$ cat data_39.cif   # mmCIF, C-alpha atoms
data_upload
#
loop_
_atom_site.label_atom_id
_atom_site.label_comp_id
_atom_site.auth_asym_id
_atom_site.auth_seq_id
_atom_site.Cartn_x
_atom_site.Cartn_y
_atom_site.Cartn_z
CA MET T 187 -17.59 -14.93 -9.91
CA THR T 188 -15.82 -17.37 -12.18
CA THR T 189 -16.43 -20.99 -11.24
CA ASN T 190 -14.69 -22.67 -14.16
CA THR T 191 -11.35 -24.39 -13.66
CA GLU T 192 -9.70 -21.68 -15.77
CA MET T 193 -9.80 -18.00 -14.95
CA THR T 194 -10.26 -15.70 -17.91
CA ASN T 195 -7.57 -13.19 -18.81
CA ASN T 196 -9.82 -10.40 -20.03
CA LYS T 197 -9.16 -6.73 -19.39
CA GLU T 198 -11.32 -6.60 -16.27
CA ASN T 199 -9.07 -9.15 -14.60
CA ASN T 200 -5.82 -7.30 -15.36
CA PHE T 201 -3.72 -6.13 -12.45
CA MET T 202 -3.58 -2.44 -13.33
CA ASP T 203 -6.65 -1.72 -15.47
CA ASN T 204 -9.27 -1.70 -12.73
CA ASN T 205 -7.15 0.70 -10.65
CA SER T 206 -7.63 3.63 -13.05
CA ASP T 207 -10.35 5.09 -10.83
CA TYR T 208 -10.38 2.99 -7.69
CA PRO T 209 -12.70 4.35 -4.99
CA LEU T 210 -11.42 4.89 -1.48
CA ILE T 211 -12.83 2.14 0.72
CA PHE T 212 -11.70 1.38 4.25
CA THR T 213 -11.60 -2.22 5.43
CA ARG T 214 -12.59 -3.64 8.82
CA TYR T 215 -9.41 -2.24 10.45
CA LEU T 216 -9.39 1.00 8.41
CA TYR T 217 -6.83 0.11 5.79
CA SER T 218 -7.40 1.35 2.25
CA LYS T 219 -8.78 -1.61 0.31
CA GLU T 220 -6.60 -0.70 -2.66
CA ASP T 221 -3.51 -0.76 -0.43
CA VAL T 222 -4.52 -4.14 0.98
CA LEU T 223 -4.67 -5.63 -2.52
CA HIS T 224 -1.22 -4.28 -3.37
CA SER T 225 0.23 -5.36 -0.02
CA LEU T 226 -1.12 -8.88 -0.42
CA PHE T 227 0.61 -9.18 -3.80
CA ILE T 228 3.95 -7.94 -2.43
CA ALA T 229 3.74 -10.27 0.59
CA LEU T 230 3.19 -13.20 -1.80
CA LEU T 231 6.22 -12.19 -3.86
CA ASP T 232 8.34 -11.81 -0.73
CA LYS T 233 7.10 -15.17 0.58
CA GLN T 234 6.03 -13.58 3.85
CA THR T 235 3.40 -16.15 4.74
CA ASP T 236 1.95 -14.63 7.90
CA GLU T 237 1.79 -11.19 6.35
CA ALA T 238 0.12 -12.54 3.20
CA LEU T 239 -2.44 -14.34 5.35
CA PHE T 240 -3.05 -11.14 7.29
CA TRP T 241 -3.77 -9.12 4.13
CA ALA T 242 -5.87 -11.85 2.55
CA TYR T 243 -8.09 -12.11 5.60
CA GLU T 244 -8.23 -8.33 6.02
CA LEU T 245 -9.88 -8.25 2.63
CA TYR T 246 -11.87 -11.43 3.15
CA TYR T 247 -13.33 -10.60 6.57
CA SER T 248 -14.17 -7.07 5.44
CA GLY T 249 -16.79 -8.77 3.29
CA PHE T 250 -14.95 -9.11 -0.02
CA GLN T 251 -14.86 -12.90 0.00
CA GLU T 252 -15.35 -13.56 -3.69
CA GLU T 253 -12.99 -10.76 -4.69
CA THR T 254 -10.27 -12.19 -2.44
CA LEU T 255 -10.56 -15.60 -4.03
CA ASP T 256 -10.65 -14.23 -7.58
CA TYR T 257 -7.66 -11.98 -6.89
CA LEU T 258 -5.59 -14.93 -5.68
CA LEU T 259 -6.62 -17.09 -8.62
CA LYS T 260 -5.84 -14.33 -11.09
CA HIS T 261 -2.29 -14.05 -9.81
CA TYR T 262 -1.97 -17.82 -9.67
CA HIS T 263 -2.64 -17.98 -13.40
CA GLU T 264 -0.39 -15.00 -14.12
CA ILE T 265 2.79 -15.91 -12.26
CA TYR T 266 2.52 -19.37 -10.66
CA GLU T 267 0.77 -21.72 -13.05
CA ASN T 268 3.55 -22.26 -15.59
CA GLN T 269 6.20 -22.69 -12.89
CA ASN T 270 4.54 -25.50 -10.99
CA SER T 271 3.26 -29.00 -11.60
CA LYS T 272 -0.10 -30.04 -13.00
CA SER T 273 -0.87 -31.62 -9.65
CA PHE T 274 -0.39 -28.22 -7.98
CA LYS T 275 -2.78 -26.68 -10.49
CA THR T 276 -5.32 -29.38 -9.68
CA PHE T 277 -4.82 -28.71 -5.98
CA ILE T 278 -5.39 -24.94 -6.32
CA ILE T 279 -8.42 -25.35 -8.59
CA ASN T 280 -9.93 -27.92 -6.23
CA GLN T 281 -9.50 -25.51 -3.32
CA TYR T 282 -11.14 -22.78 -5.38
CA ASN T 283 -14.12 -24.98 -6.29
CA SER T 284 -14.38 -26.23 -2.72
CA TRP T 285 -14.77 -22.65 -1.47
CA VAL T 286 -17.43 -21.95 -4.10
CA GLU T 287 -19.38 -24.94 -2.80
CA THR T 288 -18.78 -24.70 0.96
CA LYS T 289 -17.64 -21.11 1.71
CA LYS T 290 -15.31 -22.47 4.40
CA ASN T 291 -13.13 -19.60 5.60
CA PHE T 292 -9.91 -21.58 6.02
CA ILE T 293 -9.74 -22.36 2.27
CA ILE T 294 -8.42 -18.87 1.59
CA GLY T 295 -5.61 -19.52 4.05
CA THR T 296 -4.84 -22.83 2.37
CA ILE T 297 -4.46 -21.13 -1.01
CA VAL T 298 -2.33 -18.29 0.38
CA TRP T 299 0.01 -20.60 2.31
CA ASN T 300 0.61 -22.81 -0.70
CA LEU T 301 1.20 -19.88 -3.05
CA CYS T 302 3.72 -18.43 -0.60
CA ASN T 303 5.59 -21.72 -0.69
CA SER T 304 5.63 -22.16 -4.47
CA LYS T 305 7.72 -20.90 -7.37
CA TYR T 306 6.57 -17.99 -9.52
CA ASN T 307 7.73 -16.25 -12.69
CA LEU T 308 7.56 -12.46 -12.97
CA HIS T 309 8.99 -12.07 -16.48
CA LYS T 310 5.67 -11.92 -18.35
CA PHE T 311 4.09 -9.93 -15.53
CA VAL T 312 6.72 -7.19 -15.74
CA GLN T 313 6.64 -7.16 -19.53
CA LEU T 314 2.84 -7.01 -19.65
CA TYR T 315 2.18 -4.37 -17.03
CA PHE T 316 5.33 -2.26 -17.09
CA LYS T 317 6.56 -2.81 -20.66
CA LYS T 318 9.97 -3.72 -19.28
CA ASN T 319 12.15 -6.23 -21.11
CA THR T 320 13.58 -8.76 -18.66
CA ASP T 321 15.17 -11.16 -21.17
CA LYS T 322 18.64 -10.42 -19.80
CA MET T 323 17.56 -10.83 -16.21
CA LYS T 324 17.17 -13.87 -13.98
CA GLN T 325 14.91 -14.10 -10.98
CA LYS T 326 16.67 -14.32 -7.65
CA GLU T 327 16.83 -17.95 -6.55
CA THR T 328 16.33 -17.06 -2.89
CA LEU T 329 12.70 -16.34 -3.74
CA GLN T 330 12.23 -19.50 -5.81
CA LYS T 331 12.80 -22.36 -3.39
CA PRO T 332 9.54 -24.28 -3.41
CA ASN T 333 8.13 -26.33 -0.56
CA LYS T 334 6.74 -29.55 -1.99
CA LEU T 335 4.54 -29.98 1.06
CA ARG T 336 0.88 -29.15 0.44
CA LEU T 337 -0.75 -27.78 3.56
CA ILE T 338 -4.50 -27.78 4.13
CA MET T 339 -5.62 -25.49 6.91
CA GLY T 340 -8.45 -25.87 9.39
CA ASP T 341 -10.51 -23.44 11.47
CA ASN T 342 -7.95 -23.33 14.29
CA ASP T 343 -5.20 -22.24 11.89
CA ILE T 344 -6.98 -19.00 10.98
CA GLU T 345 -8.20 -18.03 14.45
CA GLN T 346 -5.69 -15.17 14.73
CA TYR T 347 -6.99 -13.58 11.52
CA LYS T 348 -10.66 -13.51 12.50
CA THR T 349 -12.27 -10.16 13.33
CA VAL T 350 -11.57 -9.14 16.90
CA GLU T 351 -14.63 -8.70 19.08
CA HIS T 352 -14.54 -6.20 21.93
CA SER T 353 -16.78 -4.86 24.66
CA GLN T 354 -18.56 -1.51 24.74
CA GLY T 355 -16.40 1.51 25.33
CA MET T 356 -13.22 -0.27 24.22
CA GLY T 357 -13.28 0.52 20.50
CA TRP T 358 -10.43 3.00 20.79
CA LYS T 359 -8.12 0.15 21.77
CA VAL T 360 -8.81 -1.95 18.69
CA LEU T 361 -6.57 -0.43 16.01
CA PRO T 362 -3.28 -0.53 17.98
CA TYR T 363 -4.01 -4.17 18.77
CA VAL T 364 -5.06 -5.45 15.35
CA CYS T 365 -3.03 -3.41 12.84
CA LYS T 366 -0.13 -5.85 12.70
CA TYR T 367 1.45 -4.83 9.39
CA GLN T 368 2.03 -1.55 7.58
CA ILE T 369 0.72 -1.28 4.05
CA HIS T 370 3.24 -1.45 1.20
CA ARG T 371 2.96 2.18 0.17
CA GLU T 372 6.33 1.97 -1.63
CA VAL T 373 4.56 0.49 -4.70
CA SER T 374 1.71 3.01 -4.86
CA LYS T 375 3.18 4.98 -7.75
CA LEU T 376 4.43 1.92 -9.59
CA PHE T 377 1.07 0.19 -9.30
CA GLU T 378 -0.73 3.43 -10.22
CA ALA T 379 -2.72 3.62 -6.99
CA THR T 380 -5.64 6.03 -7.10
CA ASN T 381 -5.72 6.77 -3.38
CA ILE T 382 -2.42 8.32 -2.37
CA ASN T 383 -3.15 10.95 0.25
CA PHE T 384 -6.25 10.36 2.35
CA VAL T 385 -5.20 11.63 5.76
CA ASP T 386 -8.29 13.82 6.24
CA GLU T 387 -10.59 11.03 5.09
CA TYR T 388 -8.92 8.66 7.54
CA TYR T 389 -9.05 11.13 10.43
CA TYR T 390 -12.45 12.73 10.02
CA ASN T 391 -14.59 10.77 7.53
CA TRP T 392 -13.45 7.22 8.20
CA LEU T 393 -16.95 5.88 8.83
CA TYR T 394 -18.25 7.19 5.49
CA TYR T 395 -15.47 5.41 3.57
CA SER T 396 -15.81 2.30 5.74
CA TYR T 397 -19.50 2.13 4.87
CA PHE T 398 -18.55 0.75 1.45
CA SER T 399 -17.11 -2.39 3.06
CA PRO T 400 -19.82 -5.00 3.68
CA ILE T 401 -18.75 -5.56 7.29
CA TRP T 402 -19.32 -1.90 8.15
CA LYS T 403 -22.58 -1.73 6.23
CA GLU T 404 -23.78 -4.73 8.22
CA ARG T 405 -22.76 -3.07 11.49
CA LEU T 406 -24.63 0.09 10.57
CA SER T 407 -27.73 -1.85 9.52
CA LYS T 408 -28.62 -2.32 13.19
CA TYR T 409 -29.20 1.44 13.51
CA ASN T 410 -31.23 4.12 11.81
CA TYR T 411 -28.85 6.07 9.63
CA ARG T 412 -28.52 7.86 6.34
CA VAL T 413 -25.53 8.47 4.10
CA CYS T 414 -24.70 12.05 3.13
CA ASN T 415 -22.43 11.91 0.10
CA GLU T 416 -22.06 15.68 0.04
CA THR T 417 -20.56 15.97 3.53
CA LYS T 418 -19.09 12.44 3.56
CA LYS T 419 -20.88 11.67 6.81
CA ILE T 420 -23.04 8.88 8.21
CA ILE T 421 -25.89 10.61 10.02
CA MET T 422 -27.76 9.02 12.95
CA ASN T 423 -29.98 10.31 15.73
CA ASP T 424 -28.32 10.93 19.05
CA ASP T 425 -29.32 7.64 20.67
CA ASP T 426 -28.24 5.49 17.74
CA GLU T 427 -25.02 7.43 17.38
CA ASP T 428 -24.20 6.92 21.06
CA ASP T 429 -24.95 3.20 20.81
CA PHE T 430 -22.91 2.78 17.63
CA TYR T 431 -19.84 4.63 18.85
CA SER T 432 -19.95 2.88 22.20
CA LEU T 433 -18.89 -0.18 20.17
CA TYR T 434 -17.00 1.26 17.23
CA SER T 435 -15.30 4.42 18.41
CA TYR T 436 -12.04 3.73 16.59
CA ILE T 437 -11.08 7.45 16.60
CA PRO T 438 -8.14 7.11 14.16
CA ASP T 439 -7.24 10.81 14.51
CA GLU T 440 -6.44 10.22 18.19
CA GLN T 441 -4.36 7.07 17.73
CA ASN T 442 -0.61 7.14 18.16
CA ARG T 443 1.52 7.87 15.10
CA GLU T 444 2.69 4.27 14.77
CA THR T 445 -0.89 3.01 14.49
CA GLN T 446 -1.82 5.72 11.99
CA GLN T 447 1.24 4.94 9.89
CA MET T 448 0.11 1.33 9.53
CA SER T 449 -2.79 2.53 7.39
CA LEU T 450 -1.44 5.76 5.92
CA GLY T 451 2.16 4.87 5.13
CA ASN T 452 3.09 8.50 4.62
CA ASN T 453 6.51 9.69 3.43
CA ILE T 454 7.54 6.27 2.13
CA GLU T 455 10.09 6.37 -0.69
CA GLN T 456 8.50 5.20 -3.91
CA MET T 457 9.77 2.22 -5.89
CA ASN T 458 10.09 2.54 -9.68
CA ILE T 459 10.27 -0.33 -12.16
CA GLU T 460 14.07 -0.39 -11.95
CA ASP T 461 13.88 -0.76 -8.17
CA PHE T 462 11.28 -3.50 -8.56
CA CYS T 463 13.48 -5.42 -11.00
CA ASN T 464 16.52 -5.00 -8.78
CA LYS T 465 14.57 -6.49 -5.90
CA TYR T 466 13.34 -9.58 -7.73
CA PHE T 467 15.87 -10.09 -10.56
CA ILE T 468 19.60 -10.20 -11.12
CA LYS T 469 21.27 -9.23 -14.40
CA GLN T 470 22.84 -12.14 -16.26
#

$ encode --input "data_39.cif" --output "structure tokens"
Amino acid sequence: MTTNTEMTNNKENNFMDNNSDYPLIFTRYLYSKEDVLHSLFIALLDKQTDEALFWAYELYYSGFQEETLDYLLKHYHEIYENQNSKSFKTFIINQYNSWVETKKNFIIGTIVWNLCNSKYNLHKFVQLYFKKNTDKMKQKETLQKPNKLRLIMGDNDIEQYKTVEHSQGMGWKVLPYVCKYQIHREVSKLFEATNINFVDEYYYNWLYYSYFSPIWKERLSKYNYRVCNETKKIIMNDDDEDDFYSLYSYIPDEQNRETQQMSLGNNIEQMNIEDFCNKYFIKQ
């Protein structure tokens, strides 16, 4: 994790490069991790503060704390830094360093809220990643009205984003309750997503793909289990399996279609670079 005041712009930090072979990983609420990253970026661009906070904490509370922070800082340097004051840069960097030192969960929310309420510039981003010339385009002003207020969150402000706890036998009720937003599948092709169609994995092998999120690995650590990569199954003895599923029987294949669509986003019309530019720019 980078702890300097400047994030590096090497190839590993680029938006698209590390998606060339992105593994399917399910988060705490069974979203594709790759989709969560894309959805967080779109929510920031659309200045949808609550949604951006939801996606940031979906990633963060799934156990990817450092990755969440680095992802936000990478995009800060790419599209926000040159559009905002030096004092805002100092504020963001101080928040970053404060998290490195204290690991306080609300710092992520502070960064997300302030990015959502700040100006950004997509010209270099579009030119770099999509090789699209935007010199004759102007960003839509409706998305560029900054809020000069700097908000610092506390623990109470992020309560709604914390992982929901539930009693035994009630796991099947979790997903309809917690899946508040649908992933932004419309950018999957544009952002070169690796994981496009994973219905079977979501229905029948969800625990195997969840295992690669730290929160699920921690949950499984309380039981005797083994991972079978060949069958894509997590294998436990009968007693441990009964105990585990008494808490975490999310049964995504039996959820209603609306809940499933939150994670799968099937049959969503894809956005190309022209659509993207039409959404965020106007021709001069």

$ closest_residue --input "data_39.cif" --among "T:Tyr367, T:Lys289, T:Lys375, T:His224" --to "Glu237 of chain T" --atoms "all atoms listed in the file"
T:Tyr367

$ resolve_selection --input "data_39.cif" --expression "the PyMOL selection byres ((chain T and resi 261) around 10)" --output "MDAnalysis selection string"
chainID T and resid 193 199:201 227 230 256:260 262:267 301 306 311

$ atom_distance --input "data_39.cif" --atom1 "atom CA of Lys403 of chain T" --atom2 "atom CA of Ile228 of chain T"
28.6 Å

$ resolve_selection --input "data_39.cif" --expression "the PyMOL selection byres ((chain T and resi 374) around 10)" --output "list in words"
Glu220, Asp221, His224, Ser225, Ile369, His370, Arg371, Glu372, Val373, Lys375, Leu376, Phe377, Glu378, Ala379, Thr380, Asn381, Ile382, Ile454, Glu455, Gln456, Met457 and Asn458 of chain T

$ atom_distance --input "data_39.cif" --atom1 "atom CA of Ile297 of chain T" --atom2 "atom CA of Ile278 of chain T"
6.6 Å

$ resolve_selection --input "data_39.cif" --expression "the PyMOL selection byres ((chain T and resi 410) around 8)" --output "MDAnalysis selection string"
chainID T and resid 406:409 411:412 422:423 426

$ write_last_selection --input "data_39.cif" --atoms "C-alpha atoms" --output "mmCIF file, keeping the file's coordinate frame"
data_model
loop_
_atom_site.group_PDB
_atom_site.id
_atom_site.type_symbol
_atom_site.label_atom_id
_atom_site.label_comp_id
_atom_site.auth_asym_id
_atom_site.auth_seq_id
_atom_site.Cartn_x
_atom_site.Cartn_y
_atom_site.Cartn_z
ATOM 1 C CA LEU T 406 -24.630 0.090 10.570
ATOM 2 C CA SER T 407 -27.730 -1.850 9.520
ATOM 3 C CA LYS T 408 -28.620 -2.320 13.190
ATOM 4 C CA TYR T 409 -29.200 1.440 13.510
ATOM 5 C CA TYR T 411 -28.850 6.070 9.630
ATOM 6 C CA ARG T 412 -28.520 7.860 6.340
ATOM 7 C CA MET T 422 -27.760 9.020 12.950
ATOM 8 C CA ASN T 423 -29.980 10.310 15.730
ATOM 9 C CA ASP T 426 -28.240 5.490 17.740
#

$ closest_residue --input "data_39.cif" --among "T:Gln325, T:Asn383, T:Gln441, T:Asn415" --to "Ile468 of chain T" --atoms "all atoms listed in the file"
T:Gln325

$ closest_residue --input "data_39.cif" --among "T:Leu393, T:Ile344, T:Val350, T:Cys463" --to "Leu239 of chain T" --atoms "only C-alpha atoms"
T:Ile344

$ axis_aligned_box --input "data_39.cif" --around "segment 401-417 of chain T" --padding-each-side "8 Å" --output "lines of an AutoDock Vina configuration file"
center_x = -25.0
center_y = 5.2
center_z = 6.8
size_x = 28.5
size_y = 37.5
size_z = 29.5

$ build_atoms --input "data_39.cif" --residues "segment 381-415 of chain T" --atoms "N, CA and C atoms" --output "PDB file, in the frame of the given file"
ATOM      1  N   ASN T 381      -5.601   6.118  -4.698  1.00  0.00           N
ATOM      2  CA  ASN T 381      -5.720   6.770  -3.380  1.00  0.00           C
ATOM      3  C   ASN T 381      -4.353   6.893  -2.739  1.00  0.00           C
ATOM      4  N   ILE T 382      -3.764   8.079  -2.852  1.00  0.00           N
ATOM      5  CA  ILE T 382      -2.420   8.320  -2.370  1.00  0.00           C
ATOM      6  C   ILE T 382      -2.425   9.045  -1.025  1.00  0.00           C
ATOM      7  N   ASN T 383      -3.119  10.146  -0.960  1.00  0.00           N
ATOM      8  CA  ASN T 383      -3.150  10.950   0.250  1.00  0.00           C
ATOM      9  C   ASN T 383      -4.588  11.056   0.754  1.00  0.00           C
ATOM     10  N   PHE T 384      -4.882  10.344   1.817  1.00  0.00           N
ATOM     11  CA  PHE T 384      -6.250  10.360   2.350  1.00  0.00           C
ATOM     12  C   PHE T 384      -6.232  10.543   3.871  1.00  0.00           C
ATOM     13  N   VAL T 385      -5.337  11.392   4.318  1.00  0.00           N
ATOM     14  CA  VAL T 385      -5.200  11.630   5.760  1.00  0.00           C
ATOM     15  C   VAL T 385      -6.499  12.183   6.342  1.00  0.00           C
ATOM     16  N   ASP T 386      -7.065  13.218   5.713  1.00  0.00           N
ATOM     17  CA  ASP T 386      -8.290  13.820   6.240  1.00  0.00           C
ATOM     18  C   ASP T 386      -9.444  12.825   6.226  1.00  0.00           C
ATOM     19  N   GLU T 387      -9.523  12.039   5.170  1.00  0.00           N
ATOM     20  CA  GLU T 387     -10.590  11.030   5.090  1.00  0.00           C
ATOM     21  C   GLU T 387     -10.437  10.002   6.209  1.00  0.00           C
ATOM     22  N   TYR T 388      -9.202   9.632   6.477  1.00  0.00           N
ATOM     23  CA  TYR T 388      -8.920   8.660   7.540  1.00  0.00           C
ATOM     24  C   TYR T 388      -9.210   9.239   8.921  1.00  0.00           C
ATOM     25  N   TYR T 389      -8.842  10.497   9.120  1.00  0.00           N
ATOM     26  CA  TYR T 389      -9.050  11.130  10.430  1.00  0.00           C
ATOM     27  C   TYR T 389     -10.522  11.452  10.707  1.00  0.00           C
ATOM     28  N   TYR T 390     -11.175  12.069   9.735  1.00  0.00           N
ATOM     29  CA  TYR T 390     -12.450  12.730  10.020  1.00  0.00           C
ATOM     30  C   TYR T 390     -13.660  12.119   9.321  1.00  0.00           C
ATOM     31  N   ASN T 391     -13.451  11.349   8.249  1.00  0.00           N
ATOM     32  CA  ASN T 391     -14.590  10.770   7.530  1.00  0.00           C
ATOM     33  C   ASN T 391     -14.441   9.253   7.378  1.00  0.00           C
ATOM     34  N   TRP T 392     -13.750   8.640   8.322  1.00  0.00           N
ATOM     35  CA  TRP T 392     -13.450   7.220   8.200  1.00  0.00           C
ATOM     36  C   TRP T 392     -14.699   6.349   8.123  1.00  0.00           C
ATOM     37  N   LEU T 393     -15.751   6.712   8.837  1.00  0.00           N
ATOM     38  CA  LEU T 393     -16.950   5.880   8.830  1.00  0.00           C
ATOM     39  C   LEU T 393     -17.637   5.912   7.466  1.00  0.00           C
ATOM     40  N   TYR T 394     -17.637   7.075   6.823  1.00  0.00           N
ATOM     41  CA  TYR T 394     -18.250   7.190   5.490  1.00  0.00           C
ATOM     42  C   TYR T 394     -17.541   6.252   4.509  1.00  0.00           C
ATOM     43  N   TYR T 395     -16.223   6.243   4.513  1.00  0.00           N
ATOM     44  CA  TYR T 395     -15.470   5.410   3.570  1.00  0.00           C
ATOM     45  C   TYR T 395     -15.453   3.941   3.992  1.00  0.00           C
ATOM     46  N   SER T 396     -15.674   3.687   5.275  1.00  0.00           N
ATOM     47  CA  SER T 396     -15.810   2.300   5.740  1.00  0.00           C
ATOM     48  C   SER T 396     -17.163   1.717   5.343  1.00  0.00           C
ATOM     49  N   TYR T 397     -18.154   2.571   5.210  1.00  0.00           N
ATOM     50  CA  TYR T 397     -19.500   2.130   4.870  1.00  0.00           C
ATOM     51  C   TYR T 397     -19.528   1.280   3.600  1.00  0.00           C
ATOM     52  N   PHE T 398     -18.561   1.472   2.716  1.00  0.00           N
ATOM     53  CA  PHE T 398     -18.550   0.750   1.450  1.00  0.00           C
ATOM     54  C   PHE T 398     -17.922  -0.640   1.571  1.00  0.00           C
ATOM     55  N   SER T 399     -17.490  -1.001   2.770  1.00  0.00           N
ATOM     56  CA  SER T 399     -17.110  -2.390   3.060  1.00  0.00           C
ATOM     57  C   SER T 399     -18.323  -3.094   3.653  1.00  0.00           C
ATOM     58  N   PRO T 400     -18.625  -4.291   3.178  1.00  0.00           N
ATOM     59  CA  PRO T 400     -19.820  -5.000   3.680  1.00  0.00           C
ATOM     60  C   PRO T 400     -19.870  -5.160   5.184  1.00  0.00           C
ATOM     61  N   ILE T 401     -18.720  -5.358   5.844  1.00  0.00           N
ATOM     62  CA  ILE T 401     -18.750  -5.560   7.290  1.00  0.00           C
ATOM     63  C   ILE T 401     -19.256  -4.312   8.004  1.00  0.00           C
ATOM     64  N   TRP T 402     -18.866  -3.130   7.514  1.00  0.00           N
ATOM     65  CA  TRP T 402     -19.320  -1.900   8.150  1.00  0.00           C
ATOM     66  C   TRP T 402     -20.774  -1.592   7.803  1.00  0.00           C
ATOM     67  N   LYS T 403     -21.177  -1.925   6.607  1.00  0.00           N
ATOM     68  CA  LYS T 403     -22.580  -1.730   6.230  1.00  0.00           C
ATOM     69  C   LYS T 403     -23.486  -2.613   7.088  1.00  0.00           C
ATOM     70  N   GLU T 404     -23.018  -3.827   7.364  1.00  0.00           N
ATOM     71  CA  GLU T 404     -23.780  -4.730   8.220  1.00  0.00           C
ATOM     72  C   GLU T 404     -23.858  -4.184   9.645  1.00  0.00           C
ATOM     73  N   ARG T 405     -22.759  -3.640  10.146  1.00  0.00           N
ATOM     74  CA  ARG T 405     -22.760  -3.070  11.490  1.00  0.00           C
ATOM     75  C   ARG T 405     -23.736  -1.904  11.585  1.00  0.00           C
ATOM     76  N   LEU T 406     -23.745  -1.070  10.568  1.00  0.00           N
ATOM     77  CA  LEU T 406     -24.630   0.090  10.570  1.00  0.00           C
ATOM     78  C   LEU T 406     -26.099  -0.296  10.394  1.00  0.00           C
ATOM     79  N   SER T 407     -26.346  -1.446   9.801  1.00  0.00           N
ATOM     80  CA  SER T 407     -27.730  -1.850   9.520  1.00  0.00           C
ATOM     81  C   SER T 407     -28.564  -2.048  10.778  1.00  0.00           C
ATOM     82  N   LYS T 408     -27.906  -2.144  11.931  1.00  0.00           N
ATOM     83  CA  LYS T 408     -28.620  -2.320  13.190  1.00  0.00           C
ATOM     84  C   LYS T 408     -29.141  -0.990  13.740  1.00  0.00           C
ATOM     85  N   TYR T 409     -28.818   0.104  13.038  1.00  0.00           N
ATOM     86  CA  TYR T 409     -29.200   1.440  13.510  1.00  0.00           C
ATOM     87  C   TYR T 409     -29.926   2.183  12.410  1.00  0.00           C
ATOM     88  N   ASN T 410     -30.617   3.228  12.794  1.00  0.00           N
ATOM     89  CA  ASN T 410     -31.230   4.120  11.810  1.00  0.00           C
ATOM     90  C   ASN T 410     -30.191   5.148  11.381  1.00  0.00           C
ATOM     91  N   TYR T 411     -29.882   5.159  10.119  1.00  0.00           N
ATOM     92  CA  TYR T 411     -28.850   6.070   9.630  1.00  0.00           C
ATOM     93  C   TYR T 411     -29.152   6.462   8.194  1.00  0.00           C
ATOM     94  N   ARG T 412     -28.483   7.492   7.758  1.00  0.00           N
ATOM     95  CA  ARG T 412     -28.520   7.860   6.340  1.00  0.00           C
ATOM     96  C   ARG T 412     -27.131   8.325   5.924  1.00  0.00           C
ATOM     97  N   VAL T 413     -26.842   8.131   4.650  1.00  0.00           N
ATOM     98  CA  VAL T 413     -25.530   8.470   4.100  1.00  0.00           C
ATOM     99  C   VAL T 413     -25.626   9.818   3.409  1.00  0.00           C
ATOM    100  N   CYS T 414     -24.760  10.740   3.790  1.00  0.00           N
ATOM    101  CA  CYS T 414     -24.700  12.050   3.130  1.00  0.00           C
ATOM    102  C   CYS T 414     -23.426  12.106   2.292  1.00  0.00           C
ATOM    103  N   ASN T 415     -23.588  11.911   0.995  1.00  0.00           N
ATOM    104  CA  ASN T 415     -22.430  11.910   0.100  1.00  0.00           C
ATOM    105  C   ASN T 415     -21.791  13.298  -0.018  1.00  0.00           C
TER     106      ASN T 415
END
